[in-house]
Structures are given as C-alpha cells and as structure tokens.
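Shown here: upload-v5.tsv, TSV, C-alpha atoms.
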```tsv
chain	number	residue	atom	x	y	z
A	13	MET	CA	71.24	140.17	116.87
A	14	LEU	CA	74.41	140.50	114.82
A	15	ASP	CA	74.23	142.45	111.57
A	16	LYS	CA	74.33	139.69	108.95
A	17	LYS	CA	76.41	141.89	106.68
A	18	ARG	CA	79.06	142.27	109.35
A	19	GLY	CA	79.28	138.63	110.29
A	20	PRO	CA	80.43	136.69	113.36
A	21	LEU	CA	84.07	137.84	113.00
A	22	GLU	CA	83.28	141.53	113.19
A	23	ASN	CA	86.10	143.43	114.94
A	24	VAL	CA	88.65	140.69	114.18
A	25	ARG	CA	91.47	142.47	112.38
A	26	ILE	CA	93.76	140.71	109.94
A	27	LEU	CA	96.94	141.79	108.20
A	28	ASP	CA	97.61	139.74	105.09
A	29	ILE	CA	101.19	140.25	103.90
A	30	SER	CA	101.21	136.93	102.02
A	31	THR	CA	101.18	136.41	98.26
A	32	VAL	CA	99.44	134.32	95.58
A	33	PHE	CA	97.05	131.56	96.80
A	34	ALA	CA	97.35	129.61	100.06
A	35	ALA	CA	97.57	132.15	102.88
A	36	PRO	CA	95.60	134.82	100.97
A	37	PHE	CA	92.80	132.28	100.50
A	38	ALA	CA	92.80	131.61	104.24
A	39	ALA	CA	92.46	135.32	104.99
A	40	SER	CA	89.64	135.69	102.46
A	41	LEU	CA	87.74	132.81	104.09
A	42	LEU	CA	87.74	134.75	107.35
A	43	GLY	CA	86.83	137.92	105.48
A	44	ASP	CA	83.68	136.14	104.30
A	45	TYR	CA	82.54	136.11	107.92
A	46	GLY	CA	83.16	139.76	108.63
A	47	ALA	CA	86.82	139.95	109.61
A	48	ASP	CA	88.48	143.25	108.64
A	49	VAL	CA	91.22	142.06	106.25
A	50	ILE	CA	93.95	144.44	105.09
A	51	LYS	CA	95.97	143.17	102.14
A	52	VAL	CA	99.54	144.52	102.14
A	53	GLU	CA	101.37	144.74	98.79
A	54	MET	CA	104.65	146.12	97.51
A	55	PRO	CA	104.30	149.61	96.01
A	56	GLY	CA	104.33	149.70	92.24
A	57	ARG	CA	104.11	146.03	91.40
A	58	GLY	CA	101.69	144.53	93.93
A	59	ASP	CA	101.07	140.84	94.55
A	60	THR	CA	102.31	138.32	91.97
A	61	LEU	CA	98.71	137.11	91.72
A	62	ARG	CA	97.78	140.36	89.95
A	63	GLY	CA	99.67	139.12	86.88
A	64	MET	CA	98.30	135.58	86.79
A	65	GLN	CA	96.23	134.34	83.87
A	66	PRO	CA	93.55	134.44	82.72
A	67	THR	CA	93.26	138.21	82.44
A	68	GLU	CA	90.55	140.44	81.03
A	69	GLN	CA	91.00	144.18	80.42
A	70	ALA	CA	94.39	143.93	82.18
A	71	GLU	CA	92.70	142.52	85.29
A	72	SER	CA	93.71	139.11	86.64
A	73	LEU	CA	90.56	137.05	87.15
A	74	PRO	CA	92.19	134.94	89.90
A	75	TRP	CA	93.01	138.16	91.76
A	76	VAL	CA	89.42	139.35	91.54
A	77	ALA	CA	88.20	136.16	93.24
A	78	VAL	CA	90.93	135.34	95.77
A	79	THR	CA	91.17	138.81	97.29
A	80	ARG	CA	87.47	139.35	97.87
A	81	ASN	CA	86.45	141.14	101.06
A	82	LYS	CA	89.87	142.77	101.48
A	83	LYS	CA	91.15	146.31	101.72
A	84	ALA	CA	94.34	146.88	99.72
A	85	ILE	CA	97.25	149.02	100.87
A	86	THR	CA	100.80	149.36	99.60
A	87	LEU	CA	103.76	149.16	101.97
A	88	ASN	CA	107.43	148.42	101.42
A	89	LEU	CA	108.43	146.10	104.26
A	90	LYS	CA	112.09	146.25	103.25
A	91	LYS	CA	112.38	149.95	104.15
A	92	GLU	CA	112.77	151.04	107.75
A	93	LYS	CA	109.95	153.59	107.49
A	94	GLY	CA	107.77	150.90	105.95
A	95	GLN	CA	108.55	148.61	108.86
A	96	GLU	CA	107.65	151.34	111.32
A	97	LEU	CA	104.27	151.78	109.64
A	98	PHE	CA	103.79	148.01	109.58
A	99	LEU	CA	104.44	147.73	113.31
A	100	ARG	CA	101.93	150.49	113.97
A	101	LEU	CA	99.37	148.44	112.05
A	102	VAL	CA	100.37	145.30	113.97
A	103	LYS	CA	99.44	146.98	117.25
A	104	HIS	CA	95.79	146.91	116.18
A	105	THR	CA	95.87	143.44	114.59
A	106	ASP	CA	94.61	140.04	115.78
A	107	LEU	CA	95.90	137.78	113.00
A	108	LEU	CA	98.91	138.16	110.71
A	109	PHE	CA	99.18	135.90	107.64
A	110	GLU	CA	102.57	135.49	105.97
A	111	ASN	CA	103.94	132.96	103.50
A	112	PHE	CA	107.51	133.95	102.82
A	113	ARG	CA	110.29	131.40	102.81
A	114	PRO	CA	111.42	130.88	106.43
A	115	GLY	CA	114.03	133.49	107.36
A	116	THR	CA	112.83	136.12	104.86
A	117	LEU	CA	111.29	138.45	107.46
A	118	ASP	CA	114.48	138.20	109.55
A	119	LYS	CA	116.55	139.13	106.49
A	120	TRP	CA	114.41	142.23	105.97
A	121	GLY	CA	114.81	143.29	109.59
A	122	LEU	CA	111.42	142.11	110.84
A	123	PRO	CA	112.14	139.11	113.06
A	124	ILE	CA	109.20	137.65	114.95
A	125	GLU	CA	110.61	139.06	118.21
A	126	ARG	CA	110.38	142.60	116.85
A	127	ILE	CA	106.84	142.03	115.60
A	128	ARG	CA	105.77	140.63	118.97
A	129	GLU	CA	107.20	143.64	120.78
A	130	ALA	CA	104.59	145.69	118.94
A	131	ASN	CA	101.78	143.29	119.88
A	132	PRO	CA	102.45	140.37	122.26
A	133	ASP	CA	98.91	139.04	121.72
A	134	LEU	CA	99.32	138.75	117.97
A	135	ILE	CA	98.61	135.40	116.31
A	136	ILE	CA	100.92	134.80	113.34
A	137	ILE	CA	100.01	132.20	110.73
A	138	HIS	CA	103.06	131.03	108.79
A	139	VAL	CA	102.43	129.21	105.51
A	140	SER	CA	105.37	127.73	103.61
A	141	GLY	CA	106.20	124.82	101.37
A	142	TYR	CA	107.86	122.64	104.00
A	143	GLY	CA	107.27	124.36	107.33
A	144	HIS	CA	109.56	126.30	109.66
A	145	THR	CA	111.33	123.24	111.09
A	146	GLY	CA	113.21	120.30	109.62
A	147	PRO	CA	116.01	119.99	107.05
A	148	ALA	CA	113.80	121.08	104.10
A	149	ARG	CA	112.51	124.26	105.75
A	150	HIS	CA	114.59	126.62	103.60
A	151	LYS	CA	113.64	125.04	100.27
A	152	ALA	CA	111.52	126.99	97.82
A	153	GLY	CA	108.05	125.55	98.16
A	154	PHE	CA	105.28	125.96	95.61
A	155	GLY	CA	102.07	123.99	95.30
A	156	THR	CA	103.09	121.59	92.52
A	157	SER	CA	106.32	120.52	94.18
A	158	ALA	CA	104.70	120.33	97.61
A	159	THR	CA	101.94	118.15	96.16
A	160	ALA	CA	104.54	115.76	94.78
A	161	PHE	CA	106.34	115.71	98.15
A	162	SER	CA	103.07	114.94	99.96
A	163	GLY	CA	102.58	111.68	98.10
A	164	TYR	CA	99.36	112.89	96.49
A	165	THR	CA	100.71	113.25	92.94
A	166	TYR	CA	102.01	109.67	92.98
A	167	LEU	CA	98.45	108.41	93.40
A	168	CYS	CA	96.91	110.42	90.56
A	169	GLY	CA	96.52	108.96	87.09
A	170	TYR	CA	96.55	105.50	85.54
A	171	PRO	CA	99.03	102.76	86.49
A	172	ASP	CA	100.57	102.61	83.00
A	173	ARG	CA	100.97	106.37	82.64
A	174	PRO	CA	102.94	109.15	84.40
A	175	PRO	CA	101.59	110.59	87.66
A	176	LEU	CA	99.40	113.65	87.25
A	177	SER	CA	99.52	116.95	89.09
A	178	PRO	CA	96.09	118.42	90.00
A	179	PRO	CA	94.71	120.83	87.36
A	180	VAL	CA	94.03	123.43	90.07
A	181	PRO	CA	96.29	124.70	92.90
A	182	LEU	CA	94.90	122.05	95.24
A	183	ALA	CA	97.69	122.17	97.83
A	184	ASP	CA	97.29	125.94	98.16
A	185	TYR	CA	93.55	125.83	98.66
A	186	VAL	CA	93.57	122.88	101.06
A	187	THR	CA	96.37	124.57	103.00
A	188	GLY	CA	94.31	127.75	103.08
A	189	ILE	CA	91.47	125.87	104.76
A	190	PHE	CA	93.83	124.40	107.37
A	191	ALA	CA	95.43	127.82	107.88
A	192	ALA	CA	92.02	129.40	108.51
A	193	LEU	CA	91.21	126.57	110.93
A	194	GLY	CA	94.50	127.09	112.76
A	195	ALA	CA	93.89	130.82	112.97
A	196	MET	CA	90.46	130.34	114.48
A	197	VAL	CA	91.62	127.73	117.00
A	198	ALA	CA	94.44	130.02	118.13
A	199	LEU	CA	92.05	132.97	118.31
A	200	TYR	CA	89.57	130.93	120.36
A	201	HIS	CA	92.33	129.86	122.75
A	202	ARG	CA	93.53	133.44	123.17
A	203	ASP	CA	90.16	135.12	123.55
A	204	THR	CA	88.14	132.55	125.51
A	205	ARG	CA	90.86	130.74	127.47
A	206	ASN	CA	93.12	133.72	128.17
A	207	GLY	CA	95.85	132.08	126.13
A	208	PRO	CA	98.86	133.89	124.70
A	209	GLY	CA	99.46	135.04	121.18
A	210	GLN	CA	101.26	132.30	119.28
A	211	ASP	CA	102.61	131.13	115.94
A	212	VAL	CA	100.69	128.72	113.70
A	213	ASP	CA	103.04	126.87	111.34
A	214	ILE	CA	101.54	125.04	108.35
A	215	ALA	CA	103.32	123.48	105.38
A	216	LEU	CA	101.77	123.01	101.96
A	217	PHE	CA	102.79	119.37	101.80
A	218	GLU	CA	101.31	118.59	105.22
A	219	SER	CA	97.83	119.76	104.29
A	220	LEU	CA	97.55	117.16	101.51
A	221	PHE	CA	99.41	114.51	103.49
A	222	ARG	CA	96.86	114.94	106.29
A	223	ILE	CA	94.05	113.72	104.04
A	224	LEU	CA	95.96	110.59	102.95
A	225	GLU	CA	95.06	108.84	106.20
A	226	THR	CA	94.17	105.45	104.74
A	227	VAL	CA	97.35	105.39	102.64
A	228	VAL	CA	99.46	106.18	105.70
A	229	ILE	CA	97.93	103.65	108.06
A	230	GLU	CA	98.02	100.88	105.45
A	231	HIS	CA	101.71	101.36	104.69
A	232	GLY	CA	102.64	101.78	108.34
A	233	TYR	CA	100.88	98.58	109.31
A	234	THR	CA	101.37	96.32	106.28
A	235	GLY	CA	104.15	97.95	104.26
A	236	ALA	CA	101.87	98.18	101.21
A	237	ILE	CA	102.48	101.03	98.75
A	238	LYS	CA	99.29	102.34	97.18
A	239	GLU	CA	99.68	102.70	93.42
A	240	ARG	CA	97.80	104.67	90.78
A	241	THR	CA	94.49	103.09	89.88
A	242	GLY	CA	92.91	105.65	87.55
A	243	ASN	CA	89.21	105.87	88.32
A	244	GLU	CA	89.19	102.58	90.19
A	245	GLN	CA	88.58	102.48	93.94
A	246	THR	CA	90.57	99.89	95.86
A	247	ASN	CA	88.56	99.93	99.08
A	248	ALA	CA	85.00	99.54	97.75
A	249	ALA	CA	83.13	98.07	94.80
A	250	PRO	CA	81.45	98.86	92.57
A	251	VAL	CA	82.59	102.48	92.36
A	252	GLY	CA	83.57	104.36	89.22
A	253	THR	CA	82.61	106.44	86.22
A	254	PHE	CA	80.50	104.84	83.50
A	255	GLN	CA	79.30	106.06	80.12
A	256	ALA	CA	75.62	106.14	79.22
A	257	LYS	CA	74.06	105.29	75.84
A	258	ASP	CA	74.10	108.96	74.81
A	259	GLY	CA	77.81	109.35	75.59
A	260	GLU	CA	77.43	111.17	78.90
A	261	TRP	CA	79.56	110.10	81.86
A	262	LEU	CA	78.21	109.50	85.36
A	263	ALA	CA	79.95	108.73	88.63
A	264	LEU	CA	78.44	105.82	90.55
A	265	THR	CA	79.14	104.97	94.19
A	266	THR	CA	77.83	101.89	96.00
A	267	SER	CA	80.44	101.64	98.72
A	268	THR	CA	77.97	100.37	101.34
A	269	ASN	CA	76.02	97.13	101.31
A	270	PRO	CA	72.56	98.80	101.32
A	271	THR	CA	73.40	100.94	98.27
A	272	PHE	CA	74.73	97.89	96.42
A	273	TYR	CA	71.63	95.89	97.26
A	274	ARG	CA	69.49	98.63	95.72
A	275	LEU	CA	71.71	98.59	92.64
A	276	ALA	CA	71.32	94.81	92.39
A	277	GLU	CA	67.56	95.27	92.22
A	278	VAL	CA	67.89	97.86	89.48
A	279	LEU	CA	70.22	95.62	87.48
A	280	GLY	CA	67.69	92.80	87.70
A	281	ARG	CA	70.00	90.71	89.85
A	282	PRO	CA	68.33	90.70	93.30
A	283	GLU	CA	69.92	87.33	94.14
A	284	MET	CA	73.28	89.08	94.58
A	285	LYS	CA	72.00	90.59	97.83
A	286	THR	CA	72.25	87.19	99.54
A	287	ASP	CA	74.88	85.53	97.36
A	288	PRO	CA	78.11	85.32	99.45
A	289	ASP	CA	80.07	86.13	96.28
A	290	TYR	CA	78.50	89.59	96.16
A	291	SER	CA	76.75	90.34	99.45
A	292	THR	CA	79.76	91.91	101.19
A	293	ASN	CA	82.17	94.60	100.07
A	294	GLU	CA	85.12	92.29	100.65
A	295	ALA	CA	83.61	89.72	98.28
A	296	ARG	CA	82.69	92.35	95.68
A	297	LEU	CA	86.24	93.66	95.57
A	298	LEU	CA	87.34	90.22	94.35
A	299	ARG	CA	84.79	90.47	91.52
A	300	LYS	CA	85.19	94.14	90.74
A	301	ASP	CA	85.94	93.67	87.02
A	302	GLU	CA	82.94	91.40	86.58
A	303	LEU	CA	80.66	93.88	88.36
A	304	HIS	CA	81.95	96.81	86.35
A	305	GLN	CA	81.33	94.97	83.08
A	306	MET	CA	77.78	94.26	84.24
A	307	ILE	CA	77.20	97.92	85.13
A	308	ASP	CA	78.82	99.14	81.94
A	309	LYS	CA	76.47	96.97	79.88
A	310	TRP	CA	73.45	98.31	81.76
A	311	PHE	CA	74.60	101.91	81.29
A	312	LYS	CA	74.92	101.39	77.55
A	313	GLN	CA	71.21	100.51	77.45
A	314	HIS	CA	70.03	103.83	78.95
A	315	THR	CA	70.55	107.56	78.52
A	316	ALA	CA	72.18	109.59	81.26
A	317	GLU	CA	68.84	111.17	82.16
A	318	GLU	CA	67.19	107.76	82.45
A	319	ILE	CA	70.01	106.40	84.61
A	320	GLN	CA	69.90	109.42	86.89
A	321	GLN	CA	66.15	109.11	87.38
A	322	ILE	CA	66.25	105.36	88.03
A	323	CYS	CA	69.07	105.70	90.55
A	324	ASP	CA	67.50	108.69	92.27
A	325	ASP	CA	64.22	106.82	92.59
A	326	ASN	CA	66.02	103.88	94.20
A	327	GLY	CA	68.41	105.76	96.52
A	328	ILE	CA	71.58	104.91	94.58
A	329	PRO	CA	74.29	107.60	94.76
A	330	ILE	CA	75.07	108.81	91.24
A	331	CYS	CA	75.83	112.09	89.55
A	332	PRO	CA	76.74	113.29	86.05
A	333	VAL	CA	80.37	114.32	85.59
A	334	TYR	CA	79.85	118.08	85.34
A	335	ASP	CA	81.88	120.61	83.44
A	336	ILE	CA	81.71	124.20	84.63
A	337	ALA	CA	78.98	125.14	82.11
A	338	SER	CA	76.75	122.41	83.55
A	339	ILE	CA	77.41	123.70	87.04
A	340	PHE	CA	76.27	127.20	86.09
A	341	LYS	CA	72.95	125.75	84.90
A	342	ASP	CA	72.27	123.40	87.80
A	343	PRO	CA	69.35	124.39	90.09
A	344	GLN	CA	71.04	122.94	93.20
A	345	TYR	CA	73.97	125.31	92.80
A	346	LYS	CA	71.50	128.16	92.40
A	347	ALA	CA	69.46	127.15	95.44
A	348	ARG	CA	72.61	126.99	97.58
A	349	GLU	CA	73.90	130.33	96.24
A	350	ALA	CA	77.08	128.48	95.38
A	351	ILE	CA	77.74	130.99	92.60
A	352	ILE	CA	77.20	134.68	93.24
A	353	GLU	CA	77.46	137.72	90.99
A	354	MET	CA	79.49	140.74	92.05
A	355	ASP	CA	80.16	144.14	90.50
A	356	HIS	CA	83.70	144.97	89.42
A	357	PRO	CA	84.70	148.54	88.49
A	358	LYS	CA	86.32	147.44	85.20
A	359	LEU	CA	84.83	144.06	84.36
A	360	GLY	CA	81.22	144.71	85.29
A	361	LYS	CA	79.44	141.58	86.55
A	362	VAL	CA	81.70	138.73	87.64
A	363	SER	CA	80.77	135.30	89.02
A	364	ILE	CA	82.60	133.84	92.00
A	365	PRO	CA	81.97	130.98	94.46
A	366	GLY	CA	79.63	131.77	97.33
A	367	VAL	CA	80.34	131.53	101.05
A	368	VAL	CA	81.06	128.09	102.54
A	369	PRO	CA	79.92	126.88	105.07
A	370	LYS	CA	76.51	128.44	105.61
A	371	PHE	CA	75.54	129.65	109.10
A	372	SER	CA	71.92	129.82	110.19
A	373	LYS	CA	72.19	132.92	112.37
A	374	THR	CA	75.29	134.79	111.17
A	375	PRO	CA	75.78	133.89	107.50
A	376	GLY	CA	78.85	135.21	105.78
A	377	THR	CA	78.71	137.61	102.84
A	378	VAL	CA	80.93	138.82	100.04
A	379	GLN	CA	81.05	142.60	100.19
A	380	SER	CA	83.67	143.24	97.51
A	381	VAL	CA	85.92	141.58	94.95
A	382	GLY	CA	89.66	142.05	94.49
A	383	PRO	CA	90.63	145.68	95.13
A	384	GLN	CA	92.86	147.92	93.03
A	385	LEU	CA	96.49	148.36	94.07
A	386	GLY	CA	96.63	150.70	97.07
A	387	GLU	CA	92.91	151.40	96.84
A	388	HIS	CA	92.52	151.78	100.61
A	389	ASN	CA	95.77	153.55	101.46
A	390	GLU	CA	94.14	156.76	102.63
A	391	GLU	CA	91.42	154.99	104.63
A	392	VAL	CA	93.77	152.66	106.48
A	393	TYR	CA	96.69	155.01	107.09
A	394	GLN	CA	94.54	157.93	108.17
A	395	GLN	CA	93.13	155.64	110.86
A	396	LEU	CA	96.69	155.60	112.23
A	397	GLY	CA	96.64	159.39	112.42
A	398	ILE	CA	98.80	159.91	109.33
A	399	THR	CA	98.09	163.18	107.52
A	400	GLN	CA	97.63	163.63	103.78
A	401	ALA	CA	100.97	165.45	103.59
A	402	GLU	CA	102.71	162.53	105.28
A	403	LEU	CA	101.06	160.09	102.91
A	404	GLU	CA	102.31	162.04	99.91
A	405	ARG	CA	105.81	162.06	101.35
A	406	TYR	CA	105.68	158.29	101.91
A	407	ILE	CA	104.64	157.84	98.30
A	408	GLU	CA	107.56	159.98	97.06
A	409	GLU	CA	109.98	157.93	99.19
A	410	GLY	CA	108.63	154.61	97.90
A	411	VAL	CA	107.42	153.57	101.36
A	412	ILE	CA	103.81	153.11	100.25
```
Output the file's structure in the form of structure tokens.
Amino acid sequence: MLDKKRGPLENVRILDISTVFAAPFAASLLGDYGADVIKVEMPGRGDTLRGMQPTEQAESLPWVAVTRNKKAITLNLKKEKGQELFLRLVKHTDLLFENFRPGTLDKWGLPIERIREANPDLIIIHVSGYGHTGPARHKAGFGTSATAFSGYTYLCGYPDRPPLSPPVPLADYVTGIFAALGAMVALYHRDTRNGPGQDVDIALFESLFRILETVVIEHGYTGAIKERTGNEQTNAAPVGTFQAKDGEWLALTTSTNPTFYRLAEVLGRPEMKTDPDYSTNEARLLRKDELHQMIDKWFKQHTAEEIQQICDDNGIPICPVYDIASIFKDPQYKAREAIIEMDHPKLGKVSIPGVVPKFSKTPGTVQSVGPQLGEHNEEVYQQLGITQAELERYIEEGVI
C-alpha cells in the first residue's frame, strides 16, 4: 500500500520556473498528490507573488497558499553558470512548468532544443496569455486581459452596466487546472504508452473559452450573441437569487422539470405541473418574469432558515449566498476538510483550501506552506553533488 503522506505521484519530479498564479498553481496541485516540486526563483528578489497583497508580517498571504508543498531554490537562469545548474536539474526532472512570454527562454540562451538535449524525455508545460502560436503569441498576457479576450468578461454583469472582470484571478486558476491535466495526460502517455517527451501549450484565454461551450455553439449555429443578463439564466427557469424576509439572499435552481414540479407544490400551485404554460422549461422561459415575481413574493413571507428547510425537505436545490465567514462556520466544509490549518514559521496557524479531488486509496496531503526564499538550496544542490564551498561561491557570483 502506498504511504498516504507520499501520495500517488511519489517519485514524479517537477521543476517550477514559472511565476505568480497559473502555472505555479498547476504545479502545486500535483504537489498535493506527492510530486516532488522544486520552485526556482531569481536570487535576491524571488517570485513576484512574494510581494502581492495582502501581506502580514512582511509575508505575502497568496504566496503562503499558492506555493504549498514546494521546495524553494534560487537560481539565475540568465547567467551561464545558472543555466548549467538548471540543465543538471533538468536531467532528473519529469515535468517542467514555465510561463514566460514566448521567446524569453531563447533570449536568455535556454532554447527548448538545449533543454531537451539534457533530458529528451522531459515534458514541458508552457503557460502564456495567448499561446505559442498565432499572431498574438508575443503579446503580454495577464489574467484580466486574457479573460476579456476569452469572451468571459463580456458576459459578466448587468445589461445596462459595464462588463465586470472576475474578483479573483479566475483565468489563472482555471488555466492551472488545465495545465495540471495536460501534464498528467502527457506523463501517462510517456510512462504507460512509451511515448516521447513533449511540449504542452496552454493559453490563459483558451482555458476560459473552453468552458463557454453553449455560447460558442449557439453563435456558430444561429449567429446569436449572448449578452449580459446579471443573475438571470437564459437557458432555464426559474433560476436566480432571491431575498428572504430577514434580508438574507439564497440561490435557487429549478432547471429540470422534476425540481420545478416540487417547487410548484411548495408554492401552493400544483396545477402548474400539468399546465402547458409552465410544465416545460421552454414554456417557463417565456414566463420567467412572472415566475420570478411569484417566487420573490413567497421568499418575502419566510426567513432564509425556513426557506432552506422547506426546500431541503422537498428536494429543491437551494443554498444561501455565502460570504467567507459563513464558509468557515459551515459543517459541510468541515466534514470535507475543505479548509485545513497549517503551521507557518512567521505567521503561526494559517488556513488554506484542502486537497481537491479526494482519492479513496491515495489521498493527497499538504505537507508545507509557501517556503522562504532559497530555503532548500542546500538540500537540492547537494543532491547534485555540489559542495558547500561551491554553493558559497555560487552565492557570491549571484548564480544562486
């Protein structure tokens, strides 16, 4: 039986030379399942993420969370000696994550051909704003601009107001999930099908565009352009957020006929189950405003707790609109270990999201939170046979 603390990806070695969110998040996902992840940073200044707000005691809280389960080393990839050390590390690496603008590694003197000479079986995951092909490949690509380019931003907000960007780096995190998926598919192909090492190219905009399937197929087939609708759903009714008598908001979904029929019973309108004006989703969409007024009136007659209980008892999908404080108190989050506490050398106890998804036989674990700059230099470089005297000389020369 595998040691649960080691995880199913034990002995998979990852070099993470990327910065900020997307690719580093992908590497940390694999670290949750036991991969040995080495985070490479520039000497002196480290990853840009180390300076991102909010900070406490000069520690970036995003850094603490995003770089969990990683060992941190410093290495100047722009110096020839730094490149030589990097290529020695590459020889013992399965996956390399990078997210520089296409052409950056070539400019430094580390073209893919040189990296592959060191390890032909290496799988390289490239994350960039617009990908490594096409006329926009050399553009600077950050999450907010890539989200706008994907078409996602256009859909967010109310029709009479400006489009809204997500309040979290959504493109980066979704891209990180796709990057981890791509890494694992390539690793599976290499290790179980005797496939070659290869490059996995993922663009920030593509990750969000991939989940806009219904928008794409509708426009391609009918020419329709989906507009902003606020909280309104255009493909099912009734669906939306409604306010209870005590001012609390709840999100209600009855996008299938059976769930609507149960809602009709609760509303005291069982005849709608057989009435052709309401019995199908297509018919309900034509009467969405009427239905929402009916639901809104019913909500105003009950507290949020009452509504939740009634809907739960009748199998109607509903949930309060949680803020983060509510999430910390919720027993379901606790039961799923969705929030875990970790020790940090400066901050003490910190709370971070737990491992997702959950495996029955080889569950992932979080062994550590974001490391200090160069914390694992001696451990990692001594594994390459580098002596303490050599390490000190590399430090003096600004190589590490």
### Message
So that I can see what lies close to Pro114 (chain A), please list as a PyMOL selection string the residues with an atom at most 7 Å from it, counting all atoms listed in the file and leaving out residues fewer than 4 positions away in the same chain.
### Response
chain A and resi 144+149-150
Writing out the chosen residues with C-alpha atoms as an mmCIF file, in the coordinates of the input:
```cif
data_model
loop_
_atom_site.group_PDB
_atom_site.id
_atom_site.type_symbol
_atom_site.label_atom_id
_atom_site.label_comp_id
_atom_site.auth_asym_id
_atom_site.auth_seq_id
_atom_site.Cartn_x
_atom_site.Cartn_y
_atom_site.Cartn_z
ATOM 1 C CA HIS A 144 109.560 126.300 109.660
ATOM 2 C CA ARG A 149 112.510 124.260 105.750
ATOM 3 C CA HIS A 150 114.590 126.620 103.600
#
```
### Query
Rounded to one decimal in Å, what is the spacing between CA of Val32 (chain A) and CA of Pro178 (chain A)?
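Taking CA of Val32 (chain A) as the start and CA of Pro178 (chain A) as the end point, the length is 17.2 Å.
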### Message
Between A:His314, A:Arg296, A:His201, A:Lys83, which residue has the minimum interatomic distance to Ala47 (chain A), considering all atoms listed in the file?
### Response
A:Lys83
### Message
Could you list, as a ChimeraX atom specification, every residue within 10 Å of Met284 (chain A), counting only C-alpha atoms and ignoring same-chain residues fewer than 6 positions away?
### Response
/A:272-273,275-277,290-292
### Query
Closest to Ser30 (chain A) among A:Val186, A:Ala236, A:Val139, A:Leu134, using all atoms listed in the file?
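Using all atoms listed in the file, Ser30 (chain A) sits closest to A:Val139.
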Quick one: residues within 7 Å of Gly382 (chain A), only C-alpha atoms, excluding same-chain residues fewer than 4 positions away - as a compact mmCIF listing (two decimals) with C-alpha atoms, in the coordinates of the input?
```txt
# COMPACT_ATOMS: atom_id res chain seq x y z
CA TRP A 75 93.01 138.16 91.76
CA VAL A 76 89.42 139.35 91.54
CA ALA A 77 88.20 136.16 93.24
CA VAL A 78 90.93 135.34 95.77
CA THR A 79 91.17 138.81 97.29
CA ARG A 80 87.47 139.35 97.87
```
#### Entry: Using only C-alpha atoms: which of A:Gly56, A:Ser140, A:Arg128, A:Trp310 has the shortest distance to Thr31 (chain A)
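Once distances to Thr31 (chain A) are computed over only C-alpha atoms, the minimum belongs to A:Ser140.
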### Query
So, counting all atoms listed in the file, which residue among A:Gly63, A:Pro270, A:Gly242, A:Pro288 is closest to Cys168 (chain A)?
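Residue with the minimum atom-to-atom distance to Cys168 (chain A): A:Gly242.
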### Task
Name the closest residue to Thr266 (chain A) among the candidates A:Cys323, A:Ala152, A:Leu220, A:Val227; distances are taken between atoms, counting all atoms listed in the file.
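Going through A:Cys323, A:Ala152, A:Leu220, A:Val227 one by one, the smallest distance to Thr266 (chain A) is for A:Cys323.
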### Query
So which residues touch Pro20 (chain A) within 12 Å, counting all atoms listed in the file, skipping near sequence neighbours fewer than 4 positions away, as a ChimeraX atom specification?
/A:13-16,24,42-48,196,370-377
### Query
Quick one: residues within 12 Å of Phe340 (chain A), all atoms listed in the file counted, chain neighbours fewer than 6 positions away excluded, as a PyMOL selection string?
chain A and resi 334+346-347+349-353+363-365
### Task
To one decimal in Å, tell me the separation between CA of Asp203 (chain A) and CA of Phe112 (chain A).
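Separation of CA of Asp203 (chain A) and CA of Phe112 (chain A): 27.1 Å.
For the choices A:Leu101, A:Leu385, A:Ala34, A:Ile398, the atom-to-atom distance to Phe154 (chain A) is smallest for A:Ala34 when using only C-alpha atoms.
As for CA of Gly366 (chain A) and CA of Ile339 (chain A), they are spaced 13.3 Å apart.
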Residues of region 209-258 of chain A within 12 Å of region 156-163 of chain A: nearest atom pair and distance (Å, one decimal) for each, counting only C-alpha atoms, sorted by chain and number, as a Markdown table?
```
| residue | atom | partner | partner_atom | distance |
| --- | --- | --- | --- | --- |
| A:Ala215 | CA | A:Ala158 | CA | 8.5 |
| A:Leu216 | CA | A:Ala158 | CA | 5.9 |
| A:Phe217 | CA | A:Ala158 | CA | 4.7 |
| A:Glu218 | CA | A:Ser162 | CA | 6.6 |
| A:Ser219 | CA | A:Ser162 | CA | 8.3 |
| A:Leu220 | CA | A:Ser162 | CA | 6.1 |
| A:Phe221 | CA | A:Ser162 | CA | 5.1 |
| A:Arg222 | CA | A:Ser162 | CA | 8.9 |
| A:Ile223 | CA | A:Ser162 | CA | 10.0 |
| A:Leu224 | CA | A:Gly163 | CA | 8.3 |
| A:Glu225 | CA | A:Gly163 | CA | 11.4 |
| A:Val227 | CA | A:Gly163 | CA | 9.4 |
| A:Val228 | CA | A:Gly163 | CA | 9.9 |
| A:Ile237 | CA | A:Gly163 | CA | 10.7 |
| A:Lys238 | CA | A:Gly163 | CA | 9.9 |
| A:Glu239 | CA | A:Gly163 | CA | 10.5 |
| A:Arg240 | CA | A:Gly163 | CA | 11.2 |
```
Go ahead and write the residues just picked, C-alpha atoms, as an mmCIF file, in the coordinates of the input.
```
data_model
loop_
_atom_site.group_PDB
_atom_site.id
_atom_site.type_symbol
_atom_site.label_atom_id
_atom_site.label_comp_id
_atom_site.auth_asym_id
_atom_site.auth_seq_id
_atom_site.Cartn_x
_atom_site.Cartn_y
_atom_site.Cartn_z
ATOM 1 C CA ALA A 215 103.320 123.480 105.380
ATOM 2 C CA LEU A 216 101.770 123.010 101.960
ATOM 3 C CA PHE A 217 102.790 119.370 101.800
ATOM 4 C CA GLU A 218 101.310 118.590 105.220
ATOM 5 C CA SER A 219 97.830 119.760 104.290
ATOM 6 C CA LEU A 220 97.550 117.160 101.510
ATOM 7 C CA PHE A 221 99.410 114.510 103.490
ATOM 8 C CA ARG A 222 96.860 114.940 106.290
ATOM 9 C CA ILE A 223 94.050 113.720 104.040
ATOM 10 C CA LEU A 224 95.960 110.590 102.950
ATOM 11 C CA GLU A 225 95.060 108.840 106.200
ATOM 12 C CA VAL A 227 97.350 105.390 102.640
ATOM 13 C CA VAL A 228 99.460 106.180 105.700
ATOM 14 C CA ILE A 237 102.480 101.030 98.750
ATOM 15 C CA LYS A 238 99.290 102.340 97.180
ATOM 16 C CA GLU A 239 99.680 102.700 93.420
ATOM 17 C CA ARG A 240 97.800 104.670 90.780
#
```
N, CA, C and O atoms for region 28-32 of chain A, written as a CSV table (one decimal), keeping the file's coordinate frame, could you do that?
```csv
chain,number,residue,atom,x,y,z
A,28,ASP,N,97.2,140.8,106.0
A,28,ASP,CA,97.6,139.7,105.1
A,28,ASP,C,98.8,140.3,104.3
A,28,ASP,O,98.6,141.0,103.3
A,29,ILE,N,100.0,139.8,104.6
A,29,ILE,CA,101.2,140.2,103.9
A,29,ILE,C,101.7,139.1,103.0
A,29,ILE,O,102.8,139.2,102.4
A,30,SER,N,100.8,138.1,102.8
A,30,SER,CA,101.2,136.9,102.0
A,30,SER,C,100.9,137.2,100.5
A,30,SER,O,100.3,138.2,100.2
A,31,THR,N,101.3,136.2,99.7
A,31,THR,CA,101.2,136.4,98.3
A,31,THR,C,100.6,135.2,97.6
A,31,THR,O,100.6,134.1,98.2
A,32,VAL,N,100.0,135.3,96.5
A,32,VAL,CA,99.4,134.3,95.6
A,32,VAL,C,98.2,133.6,96.2
A,32,VAL,O,97.3,134.3,96.6
```
